[in-house]
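These notes are about the structure you will find just below.
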Amino acid sequence: MTDTVIDPMTIRQFYHGTRADLQTGDLIAAGYASNYGARKQAPWVYLTGTMDAAIWGAELAVGEGRERIYIVAPTGEIVDDPNLTDRKFPGNPTLSYRSRAPLRVTGEVAEWEGHSAERLQQMKDFLARLKAEGVEAID
C-alpha cells in the first residue's frame, strides 16, 4: 500500500491528544516512546482533524499527567493513519493522520468533554482483548 499524502491546507485545524505537558511553540517529534501499547519507539507522530479522535488520544495515553488536547501544525508531509483508515474507517472519516516530521504546538484546547465512563471502559476492554491476542493497537 502506498501512503496518501494529505494537503494540510485542506483541514483548518489539527489536534493531538496526550498527557504530556507542552507549551506553545514546542515540537512533538517522532523517535520517543509511544503514548500507547508497549511504548515502543514511535517512528511517527499522530494528529487528527477531529476533536473526538483527539479526545480518545488524550484519554488512552499512558501516564499520570493531565489529559490534554493540543492544537498542532504539521511541519512536513502528513499521510493517512493506517491504524484507523485501512479497514476500520475506509475513507478516513476520523481525519486521522501521521507524520515523520514534528508537529508544532500552536495552542491548547482548554475546555472539552471526554467520553462517558462506560464508553471509555468499553474501549479499554477492547484494547486489552487486542493485547491479549498479541495485536499492537499502534504500529
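Note on naming: chains are A, B, ... as they come in the C-alpha cells, residues start from 1 per chain, ligands start from 1 in the order shown.
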With only C-alpha atoms as the counted atoms, please give the residues lying no more than 10 Å from Leu120 in chain A, apart from itself and same-chain residues fewer than 6 positions off, as a VMD selection string. chain A and resid 56 59 to 60 114 126
Just-selected residues, N, CA and C atoms written as a PDB file, in the first residue's frame:
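Saved the output as part.pdb:
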```pdb
ATOM      1  N   TRP A  56      -9.962  10.746  22.321  1.00  0.00           N
ATOM      2  CA  TRP A  56      -9.522   9.362  22.517  1.00  0.00           C
ATOM      3  C   TRP A  56      -8.017   9.323  22.766  1.00  0.00           C
ATOM      4  N   GLU A  59      -7.403  10.454  26.346  1.00  0.00           N
ATOM      5  CA  GLU A  59      -7.943   9.525  27.344  1.00  0.00           C
ATOM      6  C   GLU A  59      -7.180   8.206  27.402  1.00  0.00           C
ATOM      7  N   LEU A  60      -6.643   7.764  26.281  1.00  0.00           N
ATOM      8  CA  LEU A  60      -5.981   6.461  26.228  1.00  0.00           C
ATOM      9  C   LEU A  60      -4.466   6.543  26.380  1.00  0.00           C
ATOM     10  N   GLY A 114     -14.881  14.679  27.813  1.00  0.00           N
ATOM     11  CA  GLY A 114     -14.439  13.335  27.475  1.00  0.00           C
ATOM     12  C   GLY A 114     -15.611  12.390  27.245  1.00  0.00           C
ATOM     13  N   PHE A 126     -11.659  -3.396  24.970  1.00  0.00           N
ATOM     14  CA  PHE A 126     -11.368  -3.793  23.598  1.00  0.00           C
ATOM     15  C   PHE A 126      -9.864  -3.820  23.355  1.00  0.00           C
TER      16      PHE A 126
END
```
Two-atom distance - CA of Glu111 in chain A, CA of Asp125 in chain A (Å): 26.6 Å
Can you work out which one of A:Val109, A:Ala101, A:Ala30, A:Val79 has the shortest atom-to-atom distance to Ala58 in chain A, counting only C-alpha atoms? A:Val109
Contacts of Glu108 in chain A at 12 Å or less, counting only C-alpha atoms, minus same-chain residues fewer than 2 places along, as a list in words? Gln13, Phe14, Tyr15, His16, Gly17, Thr18, Ala20, Asp21, Leu22, Gln23, Thr24, Gly25, Asp26, Met51, Ala54, Glu67, Arg68, Ile69, Tyr70, Ile71, Val72, Ala73, Arg104, Val105, Thr106, Ala110, Glu111 and Trp112 of chain A
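Nearest to Tyr97 in chain A of all the residues A:His115, A:Glu64, A:Thr50, A:Asp80 is A:Asp80, based on only C-alpha atoms.
The spacing separating CA of Tyr46 in chain A from CA of Ser96 in chain A amounts to 7.5 Å.
Taking only C-alpha atoms into account, Pro93 in chain A lies nearest to A:Asp52 out of the set A:Pro43, A:Arg66, A:Asp52, A:Ala29.
Pairwise distance (CA of Gly76 in chain A, CA of Gly63 in chain A) equals 27.7 Å.
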From a DSSP pass on the backbone, collect the residues of range 59-108 of chain A flagged as alpha helix (DSSP H) and hand them back as a PDB file with N, CA, C and O atoms, in the first residue's frame.
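Output (states.pdb):
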```
ATOM      1  N   GLU A  59      -7.403  10.454  26.346  1.00  0.00           N
ATOM      2  CA  GLU A  59      -7.943   9.525  27.344  1.00  0.00           C
ATOM      3  C   GLU A  59      -7.180   8.206  27.402  1.00  0.00           C
ATOM      4  O   GLU A  59      -7.078   7.592  28.462  1.00  0.00           O
ATOM      5  N   LEU A  60      -6.643   7.764  26.281  1.00  0.00           N
ATOM      6  CA  LEU A  60      -5.981   6.461  26.228  1.00  0.00           C
ATOM      7  C   LEU A  60      -4.466   6.543  26.380  1.00  0.00           C
ATOM      8  O   LEU A  60      -3.805   5.509  26.504  1.00  0.00           O
ATOM      9  N   PRO A  82      -2.823   4.553   8.858  1.00  0.00           N
ATOM     10  CA  PRO A  82      -3.379   3.245   8.514  1.00  0.00           C
ATOM     11  C   PRO A  82      -3.919   2.479   9.713  1.00  0.00           C
ATOM     12  O   PRO A  82      -4.680   1.533   9.542  1.00  0.00           O
ATOM     13  N   ASN A  83      -3.542   2.871  10.940  1.00  0.00           N
ATOM     14  CA  ASN A  83      -4.093   2.223  12.125  1.00  0.00           C
ATOM     15  C   ASN A  83      -5.610   2.395  12.184  1.00  0.00           C
ATOM     16  O   ASN A  83      -6.311   1.585  12.766  1.00  0.00           O
ATOM     17  N   LEU A  84      -6.108   3.476  11.602  1.00  0.00           N
ATOM     18  CA  LEU A  84      -7.543   3.750  11.628  1.00  0.00           C
ATOM     19  C   LEU A  84      -8.192   3.745  10.257  1.00  0.00           C
ATOM     20  O   LEU A  84      -9.403   3.605  10.154  1.00  0.00           O
ATOM     21  N   THR A  85      -7.425   3.907   9.203  1.00  0.00           N
ATOM     22  CA  THR A  85      -8.073   4.137   7.909  1.00  0.00           C
ATOM     23  C   THR A  85      -8.070   2.948   6.963  1.00  0.00           C
ATOM     24  O   THR A  85      -8.809   2.966   5.991  1.00  0.00           O
TER      25      THR A  85
END
```
Return as an MDAnalysis selection string the full set of residues in range 45-81 of chain A whose backbone-based DSSP assignment is strand (DSSP E or B). chainID A and resid 45:48 68:74 78:80
Written file, previous selection with N, CA and C atoms, as an mmCIF file, in the first residue's frame:
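What landed in out-v7.cif:
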```
data_model
loop_
_atom_site.group_PDB
_atom_site.id
_atom_site.type_symbol
_atom_site.label_atom_id
_atom_site.label_comp_id
_atom_site.auth_asym_id
_atom_site.auth_seq_id
_atom_site.Cartn_x
_atom_site.Cartn_y
_atom_site.Cartn_z
ATOM 1 N N VAL A 45 4.514 10.633 14.402
ATOM 2 C CA VAL A 45 3.693 11.416 15.325
ATOM 3 C C VAL A 45 2.295 11.462 14.714
ATOM 4 N N TYR A 46 1.290 11.492 15.569
ATOM 5 C CA TYR A 46 -0.094 11.373 15.117
ATOM 6 C C TYR A 46 -0.865 12.662 15.366
ATOM 7 N N LEU A 47 -1.776 12.961 14.451
ATOM 8 C CA LEU A 47 -2.614 14.144 14.558
ATOM 9 C C LEU A 47 -3.958 13.842 13.934
ATOM 10 N N THR A 48 -4.935 14.646 14.276
ATOM 11 C CA THR A 48 -6.287 14.423 13.775
ATOM 12 C C THR A 48 -6.962 15.753 13.479
ATOM 13 N N ARG A 68 -4.634 16.140 27.926
ATOM 14 C CA ARG A 68 -4.555 17.425 27.232
ATOM 15 C C ARG A 68 -4.810 17.228 25.748
ATOM 16 N N ILE A 69 -5.367 18.264 25.147
ATOM 17 C CA ILE A 69 -5.522 18.290 23.696
ATOM 18 C C ILE A 69 -4.862 19.561 23.192
ATOM 19 N N TYR A 70 -3.866 19.351 22.341
ATOM 20 C CA TYR A 70 -3.136 20.471 21.779
ATOM 21 C C TYR A 70 -3.584 20.725 20.343
ATOM 22 N N ILE A 71 -3.572 21.969 19.963
ATOM 23 C CA ILE A 71 -3.747 22.364 18.572
ATOM 24 C C ILE A 71 -2.343 22.347 17.985
ATOM 25 N N VAL A 72 -2.180 21.646 16.864
ATOM 26 C CA VAL A 72 -0.849 21.464 16.303
ATOM 27 C C VAL A 72 -0.830 21.820 14.821
ATOM 28 N N ALA A 73 0.354 22.161 14.361
ATOM 29 C CA ALA A 73 0.577 22.438 12.941
ATOM 30 C C ALA A 73 1.668 21.498 12.446
ATOM 31 N N PRO A 74 1.395 20.744 11.388
ATOM 32 C CA PRO A 74 2.441 19.879 10.845
ATOM 33 C C PRO A 74 3.574 20.713 10.265
ATOM 34 N N ILE A 78 2.126 14.999 5.818
ATOM 35 C CA ILE A 78 1.292 14.121 6.623
ATOM 36 C C ILE A 78 0.583 13.148 5.689
ATOM 37 N N VAL A 79 0.313 11.940 6.222
ATOM 38 C CA VAL A 79 -0.352 10.895 5.448
ATOM 39 C C VAL A 79 -1.459 10.282 6.299
ATOM 40 N N ASP A 80 -2.405 9.598 5.642
ATOM 41 C CA ASP A 80 -3.452 8.885 6.373
ATOM 42 C C ASP A 80 -2.837 7.941 7.395
#
```
